[in-house]
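Notes for the one structure printed next.
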Amino acid sequence: SQTNDQLSTFLKSGIYRFESSNALFIDPVRILNRSYTRFRVSPSSYYSRFFESNGAKDEPAATSTGSRRRKRKQKEKRLHTLNEREQIADQRHQEAKPLLLKAHEALLEATDLLAVIRNLRSERCSSEGCQDLFLPSIEQSFVELASVWQAPLYEITLNFPLYREPTEGGGLPLVHSSEQRLIPVFNNLVVNETSKDVEAEFLNTRYIIPRKSSFYMSDLGKIHDLIPAESDCGFNLILVDPPWENGSARQKLKYPTLPNRYFLSLPIKQLTHTEGALLALWVTNREKLRGFVEKELYPSWGVKYMATLYWLKVKADCILTSDLDLFHHRPYECLLLGYCHGEVHFKNLLSYCCRLEILNVYRDLNLYRIIKSSLVFLGTTLGSPQLEVYFPCFAHLVLNFCIGALSVSKFDSSQIHIMLCLSISELLLEYVPGSKPARCIELFAREMLGGWTSWGNEPLHFQESRYFSRT
Ligand code: SAM
């Protein structure tokens, strides 16, 4: 049946598409694992990585008393009139609410999926020979290491496996030895150009580097080194998860944050491919930040807003992580999608502009039919059948996300946020302009993905071998 098909697709791909709403459910572990051949991201360590208990970093559980207090405060607040900024925020929320509710309803109706979600965290590696690499290790603070005088001397060792074809009887190629390469780890592009994941070693800790990926570990001041000499070597997909300041003291403990004005200096235009780029930007629900993005950041980056993807957060039992109407604690986050124009040549430009216009004008789902016919029409006129393909493009696409079997009271939303970040990359690829394969970069990355360049001051953070098992 159709639901069985959906589920088996999900089990393979990590993406479940609901027929009844334009929502998707994502399992980031399954998606990440497509980047690896010899290793697997292990679900249990993946989900636990956000809950290492070491004193001060551990958040006190948001007790039910706490949440009751919050609700009371909200109620009190509602009694007061909203100021202008709050009214805009509320309006945004009211627009999104029906879509989010519909998506959640679709999730709750997918009983076959619910059963799988309940056990996502405890899923074992399917291959029998799966061996946990969960060795105790001291977490490196790359930010601190980069600041010492020895930093330019630090090198990472990449162990590229050398394969020997199996003798009679066939079977998989065997690793027979490895070729070691020592490469400066900071302010340097470290590349695994091979189609297999490789093991790396840095200061007695092992890391797994996905196939066809690279990282550049540096401070913001050095990001200009990534600007390609030739603009047709720029990027078609730019994912940005900035360390926004959010005033919460606990977030400051996890990674350094930056005042908004620093992000104006990101060289987005110079990183964009001549054929243009899709830019996906994670934002918080603070209205002040949304205003900054629209009025200052996008204009300075040369980005045109297209659509919003909502990441709706659910617990293992698929209940929302907080009340949908909780003013300062929404159970969703937004990924803003926009286009950066490269020096697109004329033919592309035409179809490109149409796409932009359509998506901008008809952002409302109810206009689906109109858009569809416009697309067919435009497709014929411009001879660009891709236009049709482009449409499913979320007027508002809703993402559902599961947090495994964890109790939501134990963490704050920014932690779940992190988990989803790279996993949506696959969805985004459908909407990326330019020739394939798309060139993709994540800015402020803490993790790597096959086919991507990861930049930030700690892109190796979640590549440590403790998060993986060997297949
Ligand atoms: N997308 C990431 C993930 O999924 O794990 C989370 C990124 S987190 C919101 C922001 C990152 O920016 C952190 O790793 C932080 O250390 C890094 N960062 C903060 N200040 C920076 C700077 N001046 N230069 C480079 N990276 C910086």
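In the structure tokens, the first chain shown is A, the next is B, and so on; residue numbers restart at 1 for each chain, and ligands run from 1 in the order shown.
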
**OP:** Residues up to 8 Å from ligand 1, counting only C-alpha atoms and all ligand atoms: could you list those as number ranges by chain?
**Re:** A: 143, 217-221, 240-244, 254-258, 414, 417-422, 442-447, 455-459, 461-462

Subject >> Shell of 12 Å around His224 of chain A, only C-alpha atoms, local chain residues under 5 positions omitted, as a PyMOL selection string >> reply: chain A and resi 187-188+216+218-219+229+265-271+455

Subject >> Within 12 Å of Leu324 of chain A using only C-alpha atoms, minus same-chain residues under 3 positions, as a list in words >> reply: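 Answer for this query is Lys71, Asp90, His93, Gln94, Ala96, Lys97, Pro98, Leu99, Leu100, Leu101, His104, Leu312, Lys313, Val314, Ile319, Leu320, Thr321, Phe327, His328, His329, Arg330, Pro331, Tyr332 and Glu333 of chain A.
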
Original post:
Neighbours of Arg206 of chain A within 8 Å (only C-alpha atoms; same-chain residues fewer than 3 positions away dropped), as a list in words?
Top reply: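 Final neighbour list, sorted by chain and number: Glu199, Ala200, Glu201, Phe202, Glu464 and Ser465 of chain A.
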
Could you write those residues out with N, CA, C and O atoms, as a PDB file, in the first residue's frame?
ATOM      1  N   GLU A 199      39.888   7.986   8.087  1.00  0.00           N
ATOM      2  CA  GLU A 199      40.132   8.264   9.494  1.00  0.00           C
ATOM      3  C   GLU A 199      41.232   9.312   9.578  1.00  0.00           C
ATOM      4  O   GLU A 199      42.174   9.301   8.785  1.00  0.00           O
ATOM      5  N   ALA A 200      41.110  10.185  10.563  1.00  0.00           N
ATOM      6  CA  ALA A 200      42.139  11.194  10.748  1.00  0.00           C
ATOM      7  C   ALA A 200      42.514  11.218  12.218  1.00  0.00           C
ATOM      8  O   ALA A 200      41.737  10.778  13.078  1.00  0.00           O
ATOM      9  N   GLU A 201      43.698  11.740  12.513  1.00  0.00           N
ATOM     10  CA  GLU A 201      44.114  11.804  13.902  1.00  0.00           C
ATOM     11  C   GLU A 201      44.683  13.175  14.202  1.00  0.00           C
ATOM     12  O   GLU A 201      45.456  13.722  13.410  1.00  0.00           O
ATOM     13  N   PHE A 202      44.245  13.710  15.323  1.00  0.00           N
ATOM     14  CA  PHE A 202      44.744  15.021  15.733  1.00  0.00           C
ATOM     15  C   PHE A 202      44.831  15.026  17.257  1.00  0.00           C
ATOM     16  O   PHE A 202      43.834  14.762  17.935  1.00  0.00           O
ATOM     17  N   GLU A 464      34.244  13.500  15.673  1.00  0.00           N
ATOM     18  CA  GLU A 464      35.047  12.648  16.543  1.00  0.00           C
ATOM     19  C   GLU A 464      34.553  11.205  16.458  1.00  0.00           C
ATOM     20  O   GLU A 464      33.338  10.981  16.379  1.00  0.00           O
ATOM     21  N   SER A 465      35.495  10.264  16.506  1.00  0.00           N
ATOM     22  CA  SER A 465      35.120   8.863  16.274  1.00  0.00           C
ATOM     23  C   SER A 465      34.135   8.333  17.304  1.00  0.00           C
ATOM     24  O   SER A 465      33.446   7.362  17.066  1.00  0.00           O
TER      25      SER A 465
END

Original post:
How many Å separate atom CA of Leu107 of chain A from atom CA of Cys318 of chain A?
Top reply: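 Here the two named atoms are 7.6 Å from each other.
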